[in-house]
Structure formats: structure tokens, C-alpha cells
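Asks: Before I ask anything, here is the structure I am working with.
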Amino acid sequence: MNDWEGVSEFVAVVDNYSFTAAAKKLKTSVAQISRRVSALEDRLAVKLLLRTTRKVTVTEAGQLYYTHCRNLVEGLEIAELAVTQMQASPKGLLKITAPVTFGESHIAPLINEFLALYPQVDLELTLTNLKVDLVDSGMDMAIRMGRLADSSLIAKRLSTRQLYVCAAPSYFEQHGMPTTLAELSDHNCLVGSAEHWRFLDNKKTKSLKVSGRIRCNSGFALLDAAIRGLGLVQLPDYYVHKALELGELIEVLSGYRDEREGIWALYPNNRNLSPKVRLLIDFLAERLGDGLKGGLLTD
């Protein structure tokens, strides 16, 4: 048997979560997909997939095999594109993860625009604030915000974001405006998933622990609380720019703004960067630019 036989079919089943979808993707029959995957399992003497009438589940061995085989299938795609000069027409599945709010407001609309330009590209977009392991999950790319932890991933900066401390005029009427970082301890701070706020003090980044009546992991919930006069909030520009422009919020401590943070595209360094991923990264970088549209990234 050809060692390659069944590999493309197996990867397509895992990518699409079903034999039917894989058959449609590869333009063949479900029976053909099933035969080739079964033959592959027989050759390897291991069960790769557990099949029922309702769903397909990948076994532990199947997940390990998929992680390696997806690189091979993607490499074959790259080779075919290279020899047929099809780089301008990318195709295949893109698996991407991004933070929930930024993904909904900025990344998803841009990717939808990208998909309209390249109809042979399919998308699986996972919006989560959890740090997904790209290698184990078979993801092509992750969008990450802020300072990056050391890792083996390759990072390309797409844009930047700025953190703002602000509150409603009604809050300042009752409690006054803080003019120094030390005064924050006298104010009700609306706390997000991190209880420390970041500032730039004497050209050095400073992390300051804050507290208040409300703690919530939703930026929009904190934004609403701030607009209602319930306290001070520190949020990125894409949350607060409209409220600042409308006068619903007023920025304070602008002299202590931390440096702009990066918005990054990350991908595994052990995976050849396929034309479709490279093209998407360049597309996002161009559309996002050095600052977010509608944001307040310039002083």
C-alpha cells in the first residue's frame, strides 16, 4: 500500500469533524473516505477514530498522528501551489483562535472580508480568552494581545492598543479626579480579570493593585458600569473610544499611560507557513495598520 494513502482522508475527517464533510471537501464519496481511513488504521494497527451514527471522535493515538500528518498535508499543498503558481489563490482550511471581544469586533469582520476575496479558503474560528495550545489543537494561528510570554511560537505584530483610565462625569462630580497614582487607593476601581493596572511612571512600567465594588471578566460589563458612574475603569481603546468621544467617559491620569501594547499573530515554528496563513497575516496587518480604526491610539 502507498504509505500516503488514507492520510489526506484522515486529516480531512478530523478537520471537518465528519466523514460526510470530508468527502465533500475532497470531492469523493463517504464510502471511499471510510475505506481509506480503515485501511490506514489497519496498516498502523491502531484505532485513529471512533465512529458512531452521531459523531466522530479522535482517539489519543489519532490526535498524535493528526498533529504530525496535518503538517505533511499542508506541506503537500504548499508544494502543489509552488509548482502550479497558485499562491495567489489560497485554498484549504484555516484554524484560528482569538480573544472573544477583540475577535468579535475586529478579527472576525476582517477574516470574513478575507474569505470573500478567497472563496476556496474555509474557516474554523475559535473565540476564547484561554491560551489555546496551537500545536496540540492543530491551530494555524492565534491572535494574542499585550506582552507575550516566552515560547517557541513565532510572532508577527499586527497592530497596537492603548490602555485608558477613565470614568463618567457623574463619578468625578461625587468623588473628584485623581491626579496621581497614589490617589487611586481612595477611589472605587472597577476590576477586570487582572487586579493590577499598568502605568508608566518615570519611564518605567508600574503595576498597581486596585480594588473596588465590582469585579468582572467582561470588558463590556465594566464599561457599562463606568458609564453609569460606578467607578474608574482601565480598558483598551477599542472598548472606550466611543464613550470618550461622546463625553460619556473622561480620561484621567493620561500622563501615566503605559506604552502601547502589541496585537500579535502567533503560529508554531515547527510548521511551514502555508500561503493561506501568510496571506491572512499580511491582510490583517494591512487592515489593522499601526493603530486600530476608530481607536484613540495617537496622542
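By convention here, the chains of the C-alpha cells are called A, B, ... in the order presented, each chain's residues are numbered starting at 1, and ligands are numbered starting at 1 in the order presented.
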So which residues touch segment 64-70 of chain A within 8 Å, counting only C-alpha atoms, skipping near sequence neighbours fewer than 6 positions away, as a list of chain:residue names?
Replies: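 The residues satisfying every condition are A:Val7, A:Phe10, A:Val11, A:Val14, A:Leu48, A:Val135, A:Asp136, A:Ser137, A:Gly138.
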Asks: Residues of the last selection are to be written out with N, CA, C and O atoms, as a short mmCIF file (atom, residue, chain, number, x, y, z; two decimals), in the first residue's frame.
Replies:
```
data_model
loop_
_atom_site.label_atom_id
_atom_site.label_comp_id
_atom_site.auth_asym_id
_atom_site.auth_seq_id
_atom_site.Cartn_x
_atom_site.Cartn_y
_atom_site.Cartn_z
N VAL A 7 -4.01 9.16 4.40
CA VAL A 7 -3.57 10.26 5.28
C VAL A 7 -4.39 11.52 5.02
O VAL A 7 -4.91 12.15 5.94
N PHE A 10 -7.87 11.02 6.34
CA PHE A 10 -7.92 11.08 7.80
C PHE A 10 -7.85 12.52 8.29
O PHE A 10 -8.64 12.93 9.15
N VAL A 11 -6.92 13.30 7.75
CA VAL A 11 -6.78 14.71 8.16
C VAL A 11 -8.05 15.49 7.83
O VAL A 11 -8.52 16.30 8.63
N VAL A 14 -10.77 14.74 10.47
CA VAL A 14 -10.52 15.44 11.74
C VAL A 14 -10.77 16.92 11.59
O VAL A 14 -11.37 17.56 12.45
N LEU A 48 -7.64 5.14 15.06
CA LEU A 48 -7.44 6.59 14.99
C LEU A 48 -8.72 7.37 15.28
O LEU A 48 -8.68 8.44 15.87
N VAL A 135 -0.12 23.78 18.83
CA VAL A 135 0.37 22.51 18.29
C VAL A 135 -0.60 21.38 18.60
O VAL A 135 -1.03 20.63 17.72
N ASP A 136 -1.01 21.26 19.86
CA ASP A 136 -1.90 20.17 20.26
C ASP A 136 -3.27 20.28 19.60
O ASP A 136 -3.91 19.27 19.29
N SER A 137 -3.73 21.52 19.42
CA SER A 137 -5.07 21.72 18.85
C SER A 137 -5.07 21.76 17.33
O SER A 137 -6.14 21.76 16.71
N GLY A 138 -3.89 21.79 16.72
CA GLY A 138 -3.82 21.85 15.27
C GLY A 138 -4.18 23.21 14.70
O GLY A 138 -4.50 23.33 13.51
#
```
Asks: Which residues of segment 48-136 of chain A have any atom within 12 Å of an atom in segment 146-164 of chain A when counting only C-alpha atoms, and what is the closest pair of atoms for each, with the distance in Å to one decimal? Order the rows by chain and rising number and write it as a Markdown table.
Replies:
```
| residue | atom | partner | partner_atom | distance |
| --- | --- | --- | --- | --- |
| A:Pro99 | CA | A:Gly146 | CA | 11.6 |
| A:Phe102 | CA | A:Arg161 | CA | 10.8 |
| A:His106 | CA | A:Ser159 | CA | 11.4 |
| A:Ile107 | CA | A:Leu158 | CA | 10.9 |
| A:Lys131 | CA | A:Ala149 | CA | 11.0 |
| A:Asp133 | CA | A:Leu153 | CA | 10.2 |
| A:Leu134 | CA | A:Leu153 | CA | 8.8 |
| A:Val135 | CA | A:Leu153 | CA | 9.6 |
```
Asks: May I have the residues within 10 Å of Gln234 of chain A as an NGL selection string, using only C-alpha atoms and disregarding those fewer than 4 positions away in the same chain?
Replies: :A and (163-167 or 189-192 or 196-198 or 219 or 222-223 or 226 or 239-240 or 251)
Asks: Using only C-alpha atoms, find the one residue out of A:Leu232, A:Leu200, A:Val58, A:Ile33 that sits nearest to Gly212 of chain A.
Replies: A:Leu232
Asks: Taking only C-alpha atoms into account, name the residue in A:Arg213, A:Lys25, A:Ala12, A:Leu125 that is nearest to Glu74 of chain A.
Replies: A:Ala12
Asks: If I take atom CA of Leu288 of chain A and atom CA of Lys204 of chain A, how far is one from the other in Å, to one decimal?
Replies: 27.7 Å
Asks: Let me make sure I understand: among A:Phe283, A:Asn269, A:Pro169, A:Trp264, which one has the smallest atom-to-atom distance to Leu246 of chain A if we use only C-alpha atoms?
Replies: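 Distance minimum relative to Leu246 of chain A lands on A:Pro169.
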Asks: With only C-alpha atoms as the basis for distance, which of A:Val210, A:Leu280, A:Ile227, A:Leu181 is at the shortest distance from Val252 of chain A?
Replies: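 For Val252 of chain A, the nearest of the candidates is A:Leu181.
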Asks: I need the residues in segment 101-280 of chain A that are alpha helix (DSSP H) according to DSSP; give them as an NGL selection string.
Replies: :A and (101-102 or 108-117 or 134-137 or 169-175 or 219-227 or 237-246 or 275-280)
Asks: I need the residues from that last selection saved to file as a compact mmCIF listing (two decimals), in the first residue's frame (with N, CA and C atoms), if you can.
Replies:
```txt
# COMPACT_ATOMS: atom_id res chain seq x y z
N THR A 101 -13.76 39.34 22.75
CA THR A 101 -14.25 40.67 22.37
C THR A 101 -13.53 41.23 21.16
N PHE A 102 -12.21 41.20 21.19
CA PHE A 102 -11.45 41.73 20.06
C PHE A 102 -11.70 40.87 18.82
N ALA A 108 -12.96 38.92 13.41
CA ALA A 108 -13.96 38.21 12.61
C ALA A 108 -14.42 38.99 11.38
N PRO A 109 -14.74 40.29 11.50
CA PRO A 109 -15.13 41.02 10.29
C PRO A 109 -14.04 41.05 9.21
N LEU A 110 -12.78 41.17 9.64
CA LEU A 110 -11.69 41.19 8.66
C LEU A 110 -11.49 39.84 8.01
N ILE A 111 -11.60 38.76 8.81
CA ILE A 111 -11.47 37.43 8.23
C ILE A 111 -12.62 37.15 7.27
N ASN A 112 -13.82 37.61 7.60
CA ASN A 112 -14.94 37.44 6.69
C ASN A 112 -14.68 38.16 5.36
N GLU A 113 -14.06 39.33 5.45
CA GLU A 113 -13.67 40.06 4.24
C GLU A 113 -12.64 39.25 3.44
N PHE A 114 -11.70 38.64 4.16
CA PHE A 114 -10.68 37.82 3.52
C PHE A 114 -11.31 36.62 2.82
N LEU A 115 -12.28 35.97 3.48
CA LEU A 115 -12.94 34.80 2.90
C LEU A 115 -13.73 35.17 1.64
N ALA A 116 -14.28 36.38 1.62
CA ALA A 116 -15.00 36.83 0.43
C ALA A 116 -14.04 36.99 -0.76
N LEU A 117 -12.80 37.35 -0.47
CA LEU A 117 -11.81 37.52 -1.53
C LEU A 117 -11.26 36.19 -2.02
N LEU A 134 -1.43 25.76 20.34
CA LEU A 134 -1.59 25.70 18.89
C LEU A 134 -1.18 24.36 18.31
N VAL A 135 -0.12 23.78 18.83
CA VAL A 135 0.37 22.51 18.29
C VAL A 135 -0.60 21.38 18.60
N ASP A 136 -1.01 21.26 19.86
CA ASP A 136 -1.90 20.17 20.26
C ASP A 136 -3.27 20.28 19.60
N SER A 137 -3.73 21.52 19.42
CA SER A 137 -5.07 21.72 18.85
C SER A 137 -5.07 21.76 17.33
N PRO A 169 -18.51 61.52 34.01
CA PRO A 169 -18.55 62.84 34.66
C PRO A 169 -19.27 62.80 36.01
N SER A 170 -20.35 61.99 36.12
CA SER A 170 -21.10 61.93 37.37
C SER A 170 -20.25 61.35 38.50
N TYR A 171 -19.36 60.41 38.18
CA TYR A 171 -18.47 59.86 39.21
C TYR A 171 -17.52 60.93 39.71
N PHE A 172 -16.94 61.70 38.78
CA PHE A 172 -15.99 62.73 39.19
C PHE A 172 -16.66 63.85 39.98
N GLU A 173 -17.93 64.12 39.67
CA GLU A 173 -18.66 65.14 40.43
C GLU A 173 -18.78 64.75 41.90
N GLN A 174 -18.90 63.45 42.17
CA GLN A 174 -19.04 62.98 43.54
C GLN A 174 -17.72 62.71 44.23
N HIS A 175 -16.73 62.23 43.48
CA HIS A 175 -15.50 61.74 44.10
C HIS A 175 -14.25 62.50 43.71
N GLY A 219 -15.19 43.02 29.67
CA GLY A 219 -14.86 44.43 29.44
C GLY A 219 -16.10 45.27 29.20
N PHE A 220 -17.08 44.72 28.48
CA PHE A 220 -18.29 45.50 28.20
C PHE A 220 -19.11 45.74 29.47
N ALA A 221 -19.11 44.77 30.37
CA ALA A 221 -19.82 44.97 31.64
C ALA A 221 -19.15 46.06 32.46
N LEU A 222 -17.81 46.07 32.48
CA LEU A 222 -17.09 47.12 33.21
C LEU A 222 -17.30 48.47 32.55
N LEU A 223 -17.33 48.49 31.22
CA LEU A 223 -17.58 49.74 30.50
C LEU A 223 -18.95 50.30 30.87
N ASP A 224 -19.96 49.44 30.90
CA ASP A 224 -21.31 49.90 31.25
C ASP A 224 -21.35 50.44 32.68
N ALA A 225 -20.66 49.75 33.59
CA ALA A 225 -20.61 50.23 34.98
C ALA A 225 -19.93 51.58 35.07
N ALA A 226 -18.86 51.77 34.30
CA ALA A 226 -18.16 53.05 34.32
C ALA A 226 -19.04 54.17 33.79
N ILE A 227 -19.75 53.92 32.68
CA ILE A 227 -20.63 54.94 32.10
C ILE A 227 -21.75 55.31 33.07
N ASP A 237 -8.43 50.79 24.19
CA ASP A 237 -9.10 51.81 23.38
C ASP A 237 -10.35 51.33 22.67
N TYR A 238 -10.36 50.08 22.18
CA TYR A 238 -11.50 49.64 21.38
C TYR A 238 -12.75 49.44 22.22
N TYR A 239 -12.62 49.42 23.54
CA TYR A 239 -13.80 49.43 24.42
C TYR A 239 -14.33 50.85 24.63
N VAL A 240 -13.43 51.80 24.88
CA VAL A 240 -13.83 53.10 25.44
C VAL A 240 -13.85 54.25 24.46
N HIS A 241 -13.35 54.08 23.23
CA HIS A 241 -13.16 55.25 22.38
C HIS A 241 -14.47 55.98 22.07
N LYS A 242 -15.56 55.23 21.83
CA LYS A 242 -16.82 55.89 21.53
C LYS A 242 -17.35 56.67 22.73
N ALA A 243 -17.25 56.06 23.92
CA ALA A 243 -17.73 56.74 25.13
C ALA A 243 -16.91 57.99 25.42
N LEU A 244 -15.61 57.93 25.14
CA LEU A 244 -14.77 59.11 25.32
C LEU A 244 -15.13 60.20 24.33
N GLU A 245 -15.37 59.83 23.09
CA GLU A 245 -15.74 60.81 22.07
C GLU A 245 -17.09 61.45 22.38
N LEU A 246 -18.02 60.66 22.95
CA LEU A 246 -19.36 61.19 23.26
C LEU A 246 -19.40 61.94 24.59
N PRO A 275 0.78 29.29 2.29
CA PRO A 275 0.42 30.54 1.62
C PRO A 275 -0.84 31.19 2.18
N LYS A 276 -1.84 30.38 2.54
CA LYS A 276 -3.08 30.98 3.03
C LYS A 276 -2.88 31.67 4.38
N VAL A 277 -2.04 31.08 5.26
CA VAL A 277 -1.77 31.70 6.56
C VAL A 277 -0.95 32.97 6.37
N ARG A 278 0.07 32.87 5.53
CA ARG A 278 0.92 34.04 5.28
C ARG A 278 0.10 35.18 4.69
N LEU A 279 -0.78 34.85 3.76
CA LEU A 279 -1.61 35.86 3.12
C LEU A 279 -2.57 36.50 4.12
N LEU A 280 -3.14 35.70 5.01
CA LEU A 280 -4.06 36.24 6.01
C LEU A 280 -3.32 37.15 6.99
```
Asks: Could you tell me how far atom CA of Ala98 of chain A sits from atom CA of Ser8 of chain A, in Å to one decimal place?
Replies: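 According to the coordinates, atom CA of Ser8 of chain A and atom CA of Ala98 of chain A are separated by 27.0 Å.
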Asks: Could you give me, as a PDB file with N, CA and C atoms, in the first residue's frame, the residues within 8 Å of Met145 of chain A, counting only C-alpha atoms and dropping anything in the same chain fewer than 4 positions from it?
Replies:
```
ATOM      1  N   GLU A 261       0.623  48.464  23.665  1.00  0.00           N
ATOM      2  CA  GLU A 261       0.861  47.024  23.646  1.00  0.00           C
ATOM      3  C   GLU A 261       0.660  46.486  22.239  1.00  0.00           C
ATOM      4  N   GLY A 262       1.347  45.404  21.954  1.00  0.00           N
ATOM      5  CA  GLY A 262       1.214  44.795  20.648  1.00  0.00           C
ATOM      6  C   GLY A 262      -0.027  43.924  20.526  1.00  0.00           C
ATOM      7  N   ILE A 263      -0.537  43.842  19.314  1.00  0.00           N
ATOM      8  CA  ILE A 263      -1.562  42.870  18.940  1.00  0.00           C
ATOM      9  C   ILE A 263      -0.884  41.943  17.941  1.00  0.00           C
ATOM     10  N   TRP A 264      -0.828  40.656  18.259  1.00  0.00           N
ATOM     11  CA  TRP A 264       0.072  39.743  17.577  1.00  0.00           C
ATOM     12  C   TRP A 264      -0.656  38.609  16.868  1.00  0.00           C
TER      13      TRP A 264
END
```
Asks: Counting only C-alpha atoms, figure out which residue out of A:Leu235, A:Leu123, A:Ala265, A:Leu253 gets nearest to Ala142 of chain A.
Replies: A:Ala265
Asks: Separation of atom CA of Gln32 of chain A and atom CA of Leu72 of chain A, in Å?
Replies: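 For atom CA of Gln32 of chain A relative to atom CA of Leu72 of chain A, the distance reads 20.8 Å.
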Asks: Near Arg35 of chain A, counting only C-alpha atoms, which residues have an atom at most 12 Å away, once you skip same-chain residues fewer than 3 positions from it, shown as a PyMOL selection string?
Replies: chain A and resi 5-7+9-10+19+23+28-32+38-42
